[in-house]
>>> print(open('final.cif').read())   # mmCIF, C-alpha atoms and all ligand atoms
data_target
#
loop_
_atom_site.label_atom_id
_atom_site.label_comp_id
_atom_site.auth_asym_id
_atom_site.auth_seq_id
_atom_site.Cartn_x
_atom_site.Cartn_y
_atom_site.Cartn_z
CA MET A 1 0.00 0.00 0.00
CA VAL A 2 1.93 3.02 -1.22
CA GLY A 3 0.26 5.91 0.56
CA LEU A 4 0.51 4.65 4.10
CA THR A 5 4.10 3.55 3.78
CA VAL A 6 5.49 6.75 2.25
CA ALA A 7 7.94 8.13 4.78
CA PRO A 8 8.41 11.83 4.00
CA SER A 9 12.20 12.07 3.73
CA ARG A 10 14.90 12.05 1.11
CA ASP A 11 16.51 9.00 2.74
CA ALA A 12 13.25 7.08 2.41
CA ALA A 13 13.04 8.13 -1.24
CA LEU A 14 16.56 6.87 -1.90
CA VAL A 15 15.83 3.55 -0.19
CA ARG A 16 12.70 3.10 -2.30
CA LEU A 17 14.63 4.00 -5.45
CA ALA A 18 17.37 1.48 -4.65
CA GLN A 19 14.74 -1.24 -4.10
CA PHE A 20 13.03 -0.38 -7.35
CA VAL A 21 16.04 -0.03 -9.70
CA PRO A 22 16.44 -3.80 -10.44
CA ASP A 23 12.78 -3.87 -11.58
CA ALA A 24 12.98 -0.77 -13.81
CA GLY A 25 13.67 -2.83 -16.95
CA GLY A 26 11.61 -5.77 -18.21
CA ARG A 27 9.64 -6.31 -15.00
CA TYR A 28 8.27 -2.75 -15.10
CA ASP A 29 7.64 -2.95 -18.82
CA VAL A 30 5.53 -6.11 -18.50
CA GLY A 31 3.81 -5.46 -15.17
CA ARG A 32 3.34 -1.71 -14.90
CA ASN A 33 -0.28 -1.72 -16.10
CA THR A 34 -1.45 -4.21 -13.48
CA ASP A 35 -3.04 -2.85 -10.33
CA ALA A 36 -3.01 -5.83 -8.00
CA GLY A 37 -4.61 -3.80 -5.20
CA PRO A 38 -3.40 -1.81 -2.22
CA ASP A 39 -2.49 -4.88 -0.18
CA HIS A 40 -0.36 -6.50 -2.86
CA PRO A 41 3.16 -5.66 -4.01
CA SER A 42 3.26 -3.64 -7.19
CA VAL A 43 5.98 -3.38 -9.82
CA VAL A 44 5.58 0.38 -10.17
CA SER A 45 8.00 2.53 -8.23
CA GLY A 46 5.71 4.40 -5.82
CA LEU A 47 8.15 7.31 -6.13
CA SER A 48 5.60 9.95 -7.15
CA PRO A 49 5.23 11.87 -3.84
CA TYR A 50 9.03 12.18 -3.72
CA LEU A 51 9.33 13.26 -7.34
CA ARG A 52 6.40 15.66 -6.99
CA HIS A 53 8.18 17.55 -4.21
CA ARG A 54 11.61 16.91 -5.70
CA LEU A 55 12.91 15.19 -2.62
CA ILE A 56 14.52 13.21 -5.38
CA THR A 57 14.87 14.54 -8.90
CA GLU A 58 13.90 13.09 -12.24
CA ARG A 59 17.55 13.31 -13.21
CA GLU A 60 18.85 11.17 -10.37
CA VAL A 61 16.07 8.60 -10.70
CA ILE A 62 16.83 8.16 -14.40
CA ALA A 63 20.60 8.24 -13.79
CA GLN A 64 20.38 5.41 -11.26
CA VAL A 65 18.14 3.36 -13.50
CA LEU A 66 20.42 3.87 -16.52
CA ALA A 67 23.45 2.91 -14.47
CA VAL A 68 21.96 -0.61 -14.30
CA HIS A 69 19.81 -0.94 -17.44
CA ASP A 70 20.36 0.40 -20.93
CA LEU A 71 17.82 2.75 -22.46
CA ASP A 72 16.26 -0.02 -24.53
CA ALA A 73 15.57 -2.12 -21.45
CA ALA A 74 14.39 0.73 -19.20
CA GLY A 75 12.86 2.84 -21.99
CA LYS A 76 9.30 2.52 -20.75
CA PHE A 77 10.17 3.63 -17.22
CA VAL A 78 12.34 6.52 -18.43
CA GLN A 79 9.48 7.60 -20.68
CA GLU A 80 6.99 7.53 -17.80
CA VAL A 81 9.23 9.72 -15.64
CA LEU A 82 9.53 12.07 -18.58
CA TRP A 83 5.74 12.30 -18.90
CA ARG A 84 5.97 14.30 -15.71
CA THR A 85 8.65 16.59 -17.15
CA TYR A 86 6.63 16.92 -20.37
CA TRP A 87 3.39 17.88 -18.61
CA LYS A 88 5.26 20.50 -16.54
CA GLY A 89 6.84 22.04 -19.64
CA TRP A 90 3.59 21.95 -21.63
CA LEU A 91 1.65 23.77 -18.90
CA GLU A 92 4.47 26.27 -18.37
CA MET A 93 3.82 27.47 -21.91
CA ARG A 94 0.04 27.50 -21.39
CA PRO A 95 -0.69 28.81 -17.89
CA SER A 96 -4.21 29.78 -18.99
CA VAL A 97 -5.13 26.06 -19.09
CA TRP A 98 -4.51 25.89 -15.33
CA LEU A 99 -6.33 29.17 -14.70
CA ARG A 100 -9.34 28.02 -16.68
CA PHE A 101 -9.39 24.73 -14.76
CA LEU A 102 -9.51 26.66 -11.46
CA GLU A 103 -12.29 28.97 -12.67
CA GLU A 104 -14.34 26.12 -14.09
CA ARG A 105 -13.84 24.02 -10.94
CA ASP A 106 -15.06 26.90 -8.74
CA ARG A 107 -17.98 27.57 -11.03
CA GLN A 108 -19.01 23.90 -11.00
CA ARG A 109 -18.53 23.63 -7.24
CA ASP A 110 -20.87 26.57 -6.64
CA ALA A 111 -23.41 25.78 -9.32
CA PHE A 112 -23.45 22.05 -9.91
CA PRO A 113 -26.97 20.80 -9.24
CA ALA A 114 -25.95 17.20 -8.52
CA GLY A 115 -23.95 17.90 -5.35
CA ARG A 116 -25.26 14.65 -3.89
CA ALA A 117 -23.98 12.66 -6.86
CA ILE A 118 -20.51 14.14 -6.31
CA LEU A 119 -20.63 13.24 -2.64
CA LYS A 120 -21.67 9.65 -3.43
CA ALA A 121 -18.84 9.34 -5.96
CA GLU A 122 -16.26 10.73 -3.54
CA GLN A 123 -17.47 8.48 -0.72
CA GLY A 124 -17.44 5.39 -2.92
CA GLN A 125 -21.22 4.86 -2.80
CA THR A 126 -22.14 4.68 -6.48
CA GLY A 127 -22.53 0.90 -6.52
CA ILE A 128 -19.95 0.65 -9.33
CA GLU A 129 -17.51 -2.13 -8.55
CA GLY A 130 -13.92 -0.93 -8.56
CA PHE A 131 -14.83 2.74 -8.79
CA ASP A 132 -16.13 2.76 -5.21
CA ASP A 133 -13.04 0.85 -4.03
CA TRP A 134 -10.68 3.32 -5.74
CA ALA A 135 -12.51 6.30 -4.21
CA ARG A 136 -11.98 4.84 -0.75
CA GLU A 137 -8.41 3.76 -1.51
CA LEU A 138 -7.55 7.29 -2.65
CA VAL A 139 -8.95 8.86 0.51
CA GLU A 140 -7.34 6.28 2.80
CA THR A 141 -3.88 6.05 1.22
CA GLY A 142 -3.32 9.24 -0.82
CA TYR A 143 -2.38 7.11 -3.83
CA LEU A 144 -3.90 5.30 -6.80
CA HIS A 145 -2.14 3.22 -9.42
CA ASN A 146 -1.94 5.00 -12.81
CA HIS A 147 -4.36 2.58 -14.47
CA ALA A 148 -6.87 3.02 -11.61
CA ARG A 149 -6.59 6.82 -12.06
CA MET A 150 -7.43 6.37 -15.74
CA TRP A 151 -10.38 4.04 -15.08
CA PHE A 152 -11.67 6.25 -12.30
CA ALA A 153 -11.50 9.45 -14.36
CA SER A 154 -13.14 7.74 -17.33
CA ILE A 155 -16.04 6.37 -15.26
CA TRP A 156 -16.44 9.74 -13.49
CA ILE A 157 -16.73 11.57 -16.81
CA PHE A 158 -18.44 9.14 -19.18
CA THR A 159 -20.50 6.79 -16.98
CA LEU A 160 -21.46 9.08 -14.10
CA ARG A 161 -21.37 12.16 -16.35
CA LEU A 162 -19.95 14.34 -13.60
CA PRO A 163 -17.89 17.48 -14.37
CA TRP A 164 -14.26 16.53 -14.97
CA THR A 165 -13.00 19.55 -13.02
CA LEU A 166 -14.64 18.28 -9.83
CA GLY A 167 -13.06 14.84 -10.31
CA ALA A 168 -9.67 16.47 -10.83
CA ASP A 169 -10.30 18.50 -7.68
CA PHE A 170 -11.13 15.32 -5.71
CA PHE A 171 -7.75 13.90 -6.79
CA LEU A 172 -5.91 17.13 -5.88
CA ARG A 173 -7.41 17.07 -2.39
CA HIS A 174 -6.29 13.52 -1.66
CA LEU A 175 -3.23 12.54 -3.68
CA LEU A 176 0.11 12.82 -1.91
CA ASP A 177 1.58 13.52 -5.35
CA ALA A 178 -1.14 16.07 -6.24
CA ASP A 179 0.31 18.17 -9.02
CA ALA A 180 -1.13 21.02 -11.10
CA ALA A 181 0.33 19.77 -14.39
CA SER A 182 0.16 15.95 -14.17
CA ASN A 183 -3.32 15.91 -12.64
CA THR A 184 -5.06 18.57 -14.73
CA LEU A 185 -3.57 17.46 -18.03
CA SER A 186 -4.22 13.75 -17.36
CA TRP A 187 -7.88 14.43 -16.57
CA ARG A 188 -8.07 16.57 -19.72
CA TRP A 189 -6.50 13.72 -21.67
CA VAL A 190 -9.12 11.20 -20.46
CA ALA A 191 -11.90 13.71 -21.29
CA GLY A 192 -10.68 14.19 -24.87
CA LEU A 193 -9.68 17.82 -24.30
CA GLN A 194 -5.91 17.42 -24.22
CA THR A 195 -5.53 15.50 -27.46
CA ALA A 196 -8.60 16.97 -29.13
CA GLY A 197 -11.16 14.27 -29.82
CA LYS A 198 -9.15 11.37 -28.32
CA THR A 199 -10.77 10.04 -25.16
CA TYR A 200 -10.05 7.15 -22.81
CA LEU A 201 -12.89 4.67 -22.34
CA ALA A 202 -12.66 2.32 -19.34
CA THR A 203 -14.08 -1.14 -20.10
CA ALA A 204 -15.02 -4.00 -17.78
CA ASP A 205 -12.73 -6.42 -19.68
CA ASN A 206 -9.69 -4.19 -19.39
CA ILE A 207 -10.38 -3.56 -15.70
CA ALA A 208 -10.85 -7.28 -14.96
CA ARG A 209 -7.66 -8.14 -16.84
CA TYR A 210 -5.45 -5.54 -15.15
CA THR A 211 -6.86 -5.92 -11.64
CA ASN A 212 -6.18 -9.67 -11.71
CA GLY A 213 -9.94 -10.26 -11.81
CA ARG A 214 -10.68 -8.26 -8.66
CA PHE A 215 -13.24 -6.05 -10.42
CA ALA A 216 -15.47 -6.38 -13.48
CA PRO A 217 -17.90 -3.47 -13.17
CA LYS A 218 -21.27 -3.61 -14.90
CA GLY A 219 -23.08 -0.77 -16.62
CA LEU A 220 -20.08 1.25 -17.76
CA ALA A 221 -20.52 3.75 -20.59
CA ARG A 222 -20.02 2.09 -23.97
CA GLU A 223 -18.79 5.18 -25.70
CA ALA A 224 -16.77 8.19 -24.70
CA LEU A 225 -17.60 11.27 -26.73
CA ALA A 226 -14.92 13.89 -26.33
CA LEU A 227 -15.82 16.94 -24.27
CA THR A 228 -15.39 20.27 -26.00
CA GLU A 229 -14.21 23.67 -24.86
CA ALA A 230 -13.50 27.18 -26.15
CA PRO A 231 -10.08 27.42 -27.78
CA PHE A 232 -7.11 28.71 -25.79
CA GLU A 233 -4.77 31.45 -26.88
CA ALA A 234 -1.57 30.29 -28.58
CA ALA A 235 1.18 28.81 -26.44
CA GLN A 236 3.58 31.36 -25.02
CA SER A 237 7.35 31.04 -25.00
CA LEU A 238 9.06 29.79 -21.89
CA LYS A 239 9.85 32.69 -19.62
CA GLU A 240 13.52 33.56 -19.28
CA ALA A 241 14.71 32.65 -15.81
CA PRO A 242 15.41 35.95 -13.97
CA ARG A 243 19.08 36.88 -13.68
CA HIS A 244 20.77 36.50 -10.34
CA ASP A 245 24.28 36.92 -9.06
CA PRO A 246 25.47 33.51 -7.82
CA GLY A 247 28.34 35.11 -5.87
CA GLN A 248 26.21 37.59 -3.97
CA PRO A 249 25.34 36.81 -0.32
CA SER A 250 21.86 35.28 -0.39
CA ILE A 251 19.08 33.62 1.52
CA LEU A 252 18.13 30.26 0.03
CA LEU A 253 14.36 29.79 0.00
CA VAL A 254 13.13 26.20 -0.25
CA THR A 255 9.49 25.55 -1.18
CA HIS A 256 7.58 22.28 -1.43
CA ASP A 257 8.00 22.34 -5.23
CA ASP A 258 11.71 21.55 -4.89
CA MET A 259 13.00 20.14 -1.62
CA ASN A 260 16.43 19.11 -2.84
CA PRO A 261 18.38 22.41 -2.94
CA GLU A 262 21.70 20.56 -2.56
CA SER A 263 21.49 19.45 -6.19
CA ALA A 264 20.21 22.81 -7.45
CA PHE A 265 22.60 25.32 -5.87
CA ASP A 266 26.34 25.45 -5.61
CA CYS A 267 27.79 25.03 -2.14
CA ALA A 268 30.27 27.79 -2.94
CA ALA A 269 27.44 30.27 -3.63
CA GLY A 270 27.10 32.90 -0.95
CA ILE A 271 24.22 31.27 0.94
CA ARG A 272 24.04 32.84 4.39
CA ALA A 273 20.82 31.28 5.69
CA ILE A 274 18.07 28.93 4.58
CA ILE A 275 14.31 29.33 4.88
CA VAL A 276 12.14 26.27 4.30
CA ALA A 277 8.52 27.22 3.68
CA ALA A 278 5.88 24.59 4.47
CA ASP A 279 2.82 26.68 3.63
CA GLY A 280 -0.28 24.50 3.90
CA ASP A 281 -2.37 27.10 2.05
CA LEU A 282 -0.36 26.33 -1.09
CA LEU A 283 -1.35 22.64 -0.99
CA TRP A 284 -4.78 21.13 -1.58
CA GLY A 285 -5.12 18.27 0.88
CA ASP A 286 -4.37 17.31 4.47
CA GLY A 287 -2.37 14.23 3.45
CA ALA A 288 -0.02 16.31 1.30
CA ARG A 289 0.18 18.93 4.09
CA ARG A 290 1.30 16.30 6.60
CA PHE A 291 3.80 14.90 4.09
CA VAL A 292 5.25 18.34 3.36
CA ASP A 293 5.37 19.37 7.05
CA LEU A 294 7.52 16.38 7.92
CA ALA A 295 9.60 16.60 4.76
CA ALA A 296 10.24 20.31 5.43
CA ALA A 297 11.74 19.63 8.86
CA GLU A 298 13.96 16.93 7.38
CA THR A 299 14.91 19.19 4.44
CA ALA A 300 15.86 22.06 6.78
CA ALA A 301 18.23 19.79 8.72
CA ARG A 302 19.71 18.28 5.56
CA ALA A 303 20.14 21.57 3.68
CA GLY A 304 21.52 23.34 6.76
CA ALA A 305 24.19 20.67 7.13
CA HIS A 306 24.97 20.71 3.40
CA PHE A 307 25.34 24.48 3.04
CA GLY A 308 26.82 24.95 6.51
CA CYS A 309 24.37 27.56 7.72
CA GLY A 310 21.24 27.92 9.83
CA ALA A 311 17.92 26.75 8.38
CA ASN A 312 14.55 27.93 9.68
CA LEU A 313 11.05 26.73 8.93
CA ILE A 314 8.25 29.15 8.15
CA GLU A 315 4.57 28.26 7.94
CA ARG A 316 3.50 31.13 5.67
CA LEU A 317 5.30 32.13 2.52
CA ASP A 318 4.94 35.89 3.04
CA ALA A 319 7.04 39.00 2.46
CA GLN A 320 7.37 39.76 6.16
CA ALA A 321 8.98 36.42 7.01
CA LEU A 322 11.37 36.69 4.08
CA MET A 323 12.25 40.32 4.79
CA SER A 324 13.09 39.63 8.42
CA ALA A 325 15.28 36.68 7.35
CA ALA A 326 17.02 38.86 4.74
CA ASN A 327 17.56 41.67 7.24
CA ALA A 328 18.86 39.32 9.94
CA ALA A 329 21.37 37.85 7.45
CA GLY A 330 22.18 41.28 5.96
CA VAL A 331 21.50 40.16 2.37
CA LYS A 332 19.75 41.76 -0.60
CA GLN A 333 19.11 38.62 -2.62
CA ILE A 334 16.89 35.58 -2.11
CA VAL A 335 17.37 32.61 -4.41
CA THR A 336 14.94 29.74 -4.86
CA SER A 337 14.29 26.92 -7.33
CA PHE A 338 11.97 27.86 -10.18
CA ALA A 339 8.35 27.18 -9.25
CA PRO A 340 6.30 25.73 -12.14
CA VAL A 341 2.68 26.77 -12.81
CA GLY A 342 0.69 26.32 -9.60
CA PRO A 343 0.11 27.88 -6.17
CA VAL A 344 3.80 28.33 -5.23
CA ALA A 345 4.49 30.14 -8.51
CA ASP A 346 1.49 32.41 -7.83
CA ALA A 347 2.76 33.17 -4.34
CA LEU A 348 6.27 33.97 -5.61
CA ALA A 349 4.84 36.19 -8.35
CA GLU A 350 3.11 38.26 -5.64
CA LEU A 351 6.14 38.33 -3.37
CA THR A 352 8.68 39.40 -5.98
CA PRO A 353 7.52 43.03 -6.42
CA ALA A 354 6.81 43.37 -2.68
CA LEU A 355 10.38 42.34 -1.84
CA ALA A 356 11.80 44.48 -4.67
CA ARG A 357 10.16 47.54 -3.09
CA GLU A 358 12.22 46.79 0.01
CA GLY A 359 15.37 46.46 -2.07
CA VAL A 360 15.54 42.63 -2.00
CA ALA A 361 15.66 40.65 -5.26
CA LEU A 362 13.92 37.27 -5.43
CA ALA A 363 15.46 35.07 -8.17
CA GLN A 364 13.97 31.76 -9.27
CA VAL A 365 16.64 29.50 -10.71
CA ARG A 366 15.51 26.87 -13.21
CA ARG A 367 17.15 23.47 -13.14
CA ASP A 368 19.19 22.39 -16.17
CA TRP A 369 16.85 19.38 -16.50
CA ASP A 370 13.80 21.57 -17.04
CA SER A 371 15.69 23.97 -19.31
CA ALA A 372 16.83 21.03 -21.45
CA PHE A 373 13.46 19.27 -21.78
CA TRP A 374 10.74 21.90 -21.51
CA PRO A 375 11.43 23.62 -24.84
CA HIS A 376 10.50 20.31 -26.54
CA ALA A 377 7.07 20.20 -24.86
CA LYS A 378 5.52 22.67 -27.31
CA LYS A 379 3.28 20.09 -28.97
CA GLY A 380 2.22 16.50 -28.29
CA PHE A 381 4.15 13.84 -26.39
CA PHE A 382 5.25 12.05 -29.56
CA PRO A 383 7.64 14.75 -30.85
CA PHE A 384 8.84 15.23 -27.27
CA LYS A 385 9.53 11.47 -26.98
CA GLU A 386 11.60 11.56 -30.16
CA ARG A 387 13.94 14.06 -28.50
CA ILE A 388 14.46 12.02 -25.30
CA PRO A 389 17.63 10.08 -26.33
CA ALA A 390 19.34 13.24 -27.67
CA VAL A 391 18.58 15.27 -24.55
CA LEU A 392 19.66 12.41 -22.27
CA ARG A 393 22.91 12.25 -24.26
CA GLU A 394 23.45 16.02 -23.98
CA SER A 395 22.76 15.72 -20.24
CA GLY A 396 25.47 13.06 -19.95
CA LEU A 397 23.10 10.28 -18.91
CA ILE A 398 23.72 7.96 -21.84
C1 LIG B 401 -6.36 11.09 -14.05
C2 LIG B 401 -4.89 11.07 -13.65
C3 LIG B 401 -4.44 11.96 -12.68
C4 LIG B 401 -3.08 11.96 -12.32
N1 LIG B 401 -2.63 12.86 -11.35
C5 LIG B 401 -1.31 12.90 -11.03
C6 LIG B 401 -0.82 13.83 -10.06
O1 LIG B 401 -1.56 14.66 -9.51
N2 LIG B 401 0.51 13.79 -9.75
C7 LIG B 401 1.36 12.90 -10.35
O2 LIG B 401 2.56 12.91 -10.01
N3 LIG B 401 0.93 12.03 -11.28
C8 LIG B 401 -0.37 12.00 -11.64
N4 LIG B 401 -0.81 11.09 -12.58
C9 LIG B 401 0.19 10.27 -13.30
C10 LIG B 401 0.47 8.88 -12.72
O3 LIG B 401 -0.73 8.20 -12.49
C11 LIG B 401 1.29 8.90 -11.42
O4 LIG B 401 2.42 9.72 -11.56
C12 LIG B 401 1.76 7.47 -11.08
O5 LIG B 401 0.65 6.63 -10.93
C13 LIG B 401 2.56 7.48 -9.81
O6 LIG B 401 2.87 6.18 -9.38
P1 LIG B 401 4.36 5.62 -9.41
O7 LIG B 401 5.27 6.60 -8.76
O8 LIG B 401 4.33 4.26 -8.83
O9 LIG B 401 4.64 5.60 -10.96
P2 LIG B 401 5.73 4.84 -11.83
O10 LIG B 401 5.01 4.08 -12.88
O11 LIG B 401 6.70 4.12 -11.01
O12 LIG B 401 6.45 6.05 -12.59
C14 LIG B 401 7.60 6.73 -12.08
C15 LIG B 401 7.33 8.21 -12.04
O13 LIG B 401 7.07 8.73 -13.35
C16 LIG B 401 6.08 9.75 -13.29
N5 LIG B 401 4.91 9.28 -14.04
C17 LIG B 401 4.54 8.01 -14.30
N6 LIG B 401 3.44 7.96 -15.07
C18 LIG B 401 3.10 9.24 -15.30
C19 LIG B 401 2.05 9.87 -16.03
N7 LIG B 401 1.13 9.17 -16.71
N8 LIG B 401 1.99 11.23 -16.04
C20 LIG B 401 2.92 11.97 -15.39
N9 LIG B 401 3.95 11.43 -14.68
C21 LIG B 401 4.02 10.09 -14.63
C22 LIG B 401 5.73 9.95 -11.82
O14 LIG B 401 6.52 11.00 -11.30
C23 LIG B 401 6.12 8.61 -11.23
O15 LIG B 401 6.45 8.68 -9.87
C24 LIG B 401 -2.18 11.06 -12.96
C25 LIG B 401 -2.66 10.18 -13.93
C26 LIG B 401 -3.99 10.18 -14.27
C27 LIG B 401 -4.48 9.21 -15.32
#
>>> encode(input="final.cif", output="structure tokens", more="lines below")
Ligand SMILES: Cc1cc2nc3c(=O)[nH]c(=O)nc-3n(C[C@H](O)[C@H](O)[C@H](O)COP(=O)(O)OP(=O)(O)OC[C@H]3O[C@@H](n4cnc5c(N)ncnc54)[C@H](O)[C@@H]3O)c2cc1C
Amino acid sequence: MVGLTVAPSRDAALVRLAQFVPDAGGRYDVGRNTDAGPDHPSVVSGLSPYLRHRLITEREVIAQVLAVHDLDAAGKFVQEVLWRTYWKGWLEMRPSVWLRFLEERDRQRDAFPAGRAILKAEQGQTGIEGFDDWARELVETGYLHNHARMWFASIWIFTLRLPWTLGADFFLRHLLDADAASNTLSWRWVAGLQTAGKTYLATADNIARYTNGRFAPKGLAREALALTEAPFEAAQSLKEAPRHDPGQPSILLVTHDDMNPESAFDCAAGIRAIIVAADGDLLWGDGARRFVDLAAAETAARAGAHFGCGANLIERLDAQALMSAANAAGVKQIVTSFAPVGPVADALAELTPALAREGVALAQVRRDWDSAFWPHAKKGFFPFKERIPAVLRESGLI
């Protein structure tokens, strides 16, 4: 059972990765679509809460896997990890897709006449075999297997005919790996909005086959007509990362979008103090809040030891807390890892001018990994996939 056994620390992530690496080749390839249930061992990695908060990075996961398997053998796993990178890059160039999701979710939440139907679906009381079990599993563990997420979203949209934004919101409120890009764009993909006209239809046969016969729900929709929506404006270019002076004395700000500053910032940079922000208002669910709270304490200790300076936790990511840290350390620059589209990015966008008025620059530094892959996420996953070997080669991983 992934959710209940996810210890929120980098050490736990590394242990899980080491256990998983031998299976990242053929075993993953053959078994990754099977969801044997929460009480049975699974061949998937269970690394998503760690990757979501970058307690471990995509780069190191792929590096460790490719140290043991060649790209042919571990291609499927590498590709799955890169789905995450792809979704992040795609949304970065289309922030209005996230904004429209939020608006539509709020509109549906206030106006949707079938509030009771939503409640029954979330509480696992629809009478649909499998679907009800996954709803409860999600709430209890904070995790669902990828295939179960696909089946669940498909049944929510096409059998129960509930608004997709409220299903995506249910996931955000309970997944430990809840993520603006992966969640929104996956729900859109099932609904036929992401790849226009291409939907995902869950069938009883497929569910029975890949749950080892645990479920064979009756009465599922037999067709999945793609949802439609008003067109979006054209994709925008990736924003230039703001300039910063790596030699200038700085505060290092760590947010829950990237809790591995040791691999993002140079030890020789002038980091005078570290602030780790565990702001529950920037997360959607209590499970993720608990995970981040514990991971933040561990990250503060780890980063403090690595950079050889004091590390403090703050509960609210606000200008006052950052200004008093900057004043206490006598610095005029705060550096932090780039925050992708989502609540942390929104908070930083508000803070930046407020800090600038006080003479303190806030610089978000994008990781080389994101800078290398995101420019290829302009269109569909297929052209992105074609670029994977070349970018891995340029990154020194193959
Ligand atoms: C409707 C729906 C909603 C989803 N919501 C989220 C979400 O909020 N957060 C999230 O991290 N993933 C989401 N996913 C993607 C995927 O289901 C999870 O990342 C995966 O199940 C995590 O389990 P794992 O770590 O054992 O995956 P593994 O199969 O071991 O994969 C390794 C890593 O690759 C990445 N990955 C794998 N598959 C995908 C995928 N299809 N899309 C993006 N990244 C992937 C994850 O970081 C994962 O940890 C969603 C998928 C669907 C269909």
>>> residues_around(input="final.cif", residues="A:Asp318", least_positions_apart="5", cutoff="10 Å", atoms="all atoms listed in the file", output="PyMOL selection string")
chain A and resi 277+279+323+347-348+350-351+354-355
>>> residues_near_ligand(input="final.cif", ligand="ligand LIG 401 (chain B)", cutoff="6 Å", atoms="all atoms listed in the file", output="MDAnalysis selection string")
chainID A and resid 44:48 51:52 80:81 83:84 145:146 149:150 153 177:179 182:183 186:187
>>> residues_around(input="final.cif", residues="stretch 250-266 of chain A", least_positions_apart="5", cutoff="9 Å", atoms="only C-alpha atoms", output="PyMOL selection string")
chain A and resi 10+51-57+271-279+282-283+292+295-296+299-300+302-303+306-307+317+322+325-326+329-340+344+365-368
>>> write_last_selection(input="final.cif", atoms="C-alpha atoms", output="short mmCIF file (atom, residue, chain, number, x, y, z; two decimals), keeping the file's coordinate frame")
data_model
loop_
_atom_site.label_atom_id
_atom_site.label_comp_id
_atom_site.auth_asym_id
_atom_site.auth_seq_id
_atom_site.Cartn_x
_atom_site.Cartn_y
_atom_site.Cartn_z
CA ARG A 10 14.90 12.05 1.11
CA LEU A 51 9.33 13.26 -7.34
CA ARG A 52 6.40 15.66 -6.99
CA HIS A 53 8.18 17.55 -4.21
CA ARG A 54 11.61 16.91 -5.70
CA LEU A 55 12.91 15.19 -2.62
CA ILE A 56 14.52 13.21 -5.38
CA THR A 57 14.87 14.54 -8.90
CA ILE A 271 24.22 31.27 0.94
CA ARG A 272 24.04 32.84 4.39
CA ALA A 273 20.82 31.28 5.69
CA ILE A 274 18.07 28.93 4.58
CA ILE A 275 14.31 29.33 4.88
CA VAL A 276 12.14 26.27 4.30
CA ALA A 277 8.52 27.22 3.68
CA ALA A 278 5.88 24.59 4.47
CA ASP A 279 2.82 26.68 3.63
CA LEU A 282 -0.36 26.33 -1.09
CA LEU A 283 -1.35 22.64 -0.99
CA VAL A 292 5.25 18.34 3.36
CA ALA A 295 9.60 16.60 4.76
CA ALA A 296 10.24 20.31 5.43
CA THR A 299 14.91 19.19 4.44
CA ALA A 300 15.86 22.06 6.78
CA ARG A 302 19.71 18.28 5.56
CA ALA A 303 20.14 21.57 3.68
CA HIS A 306 24.97 20.71 3.40
CA PHE A 307 25.34 24.48 3.04
CA LEU A 317 5.30 32.13 2.52
CA LEU A 322 11.37 36.69 4.08
CA ALA A 325 15.28 36.68 7.35
CA ALA A 326 17.02 38.86 4.74
CA ALA A 329 21.37 37.85 7.45
CA GLY A 330 22.18 41.28 5.96
CA VAL A 331 21.50 40.16 2.37
CA LYS A 332 19.75 41.76 -0.60
CA GLN A 333 19.11 38.62 -2.62
CA ILE A 334 16.89 35.58 -2.11
CA VAL A 335 17.37 32.61 -4.41
CA THR A 336 14.94 29.74 -4.86
CA SER A 337 14.29 26.92 -7.33
CA PHE A 338 11.97 27.86 -10.18
CA ALA A 339 8.35 27.18 -9.25
CA PRO A 340 6.30 25.73 -12.14
CA VAL A 344 3.80 28.33 -5.23
CA VAL A 365 16.64 29.50 -10.71
CA ARG A 366 15.51 26.87 -13.21
CA ARG A 367 17.15 23.47 -13.14
CA ASP A 368 19.19 22.39 -16.17
#
>>> closest_residue(input="final.cif", among="A:Gly37, A:Gly115, A:Gly197, A:Gly25", to="A:Leu138", atoms="all atoms listed in the file")
A:Gly37
>>> residues_around(input="final.cif", residues="A:Glu103", least_positions_apart="5", cutoff="12 Å", atoms="all atoms listed in the file", output="PyMOL selection string")
chain A and resi 96-98+108-110+165-166+169
>>> atom_distance(input="final.cif", atom1="atom CA of A:Ala73", atom2="atom CA of A:Thr34")
18.9 Å
>>> atom_distance(input="final.cif", atom1="atom CA of A:Leu82", atom2="atom CA of A:Tyr143")
19.6 Å
>>> residues_around(input="final.cif", residues="stretch 381-387 of chain A", least_positions_apart="5", cutoff="12 Å", atoms="only C-alpha atoms", output="PyMOL selection string")
chain A and resi 75-76+78-90+185+189+194-195+372-376+392-394
>>> atom_distance(input="final.cif", atom1="atom CA of A:Ala18", atom2="atom CA of A:Ala36")
21.9 Å
>>> residues_around(input="final.cif", residues="stretch 156-160 of chain A", least_positions_apart="2", cutoff="6 Å", atoms="all atoms listed in the file", output="list in words")
Ala153, Ser154, Leu162, Trp164, Leu220, Ala221 and Ala224 of chain A
>>> closest_residue(input="final.cif", among="A:Leu397, A:Leu144, A:Ala204, A:Ala319", to="A:Glu60", atoms="all atoms listed in the file")
A:Leu397
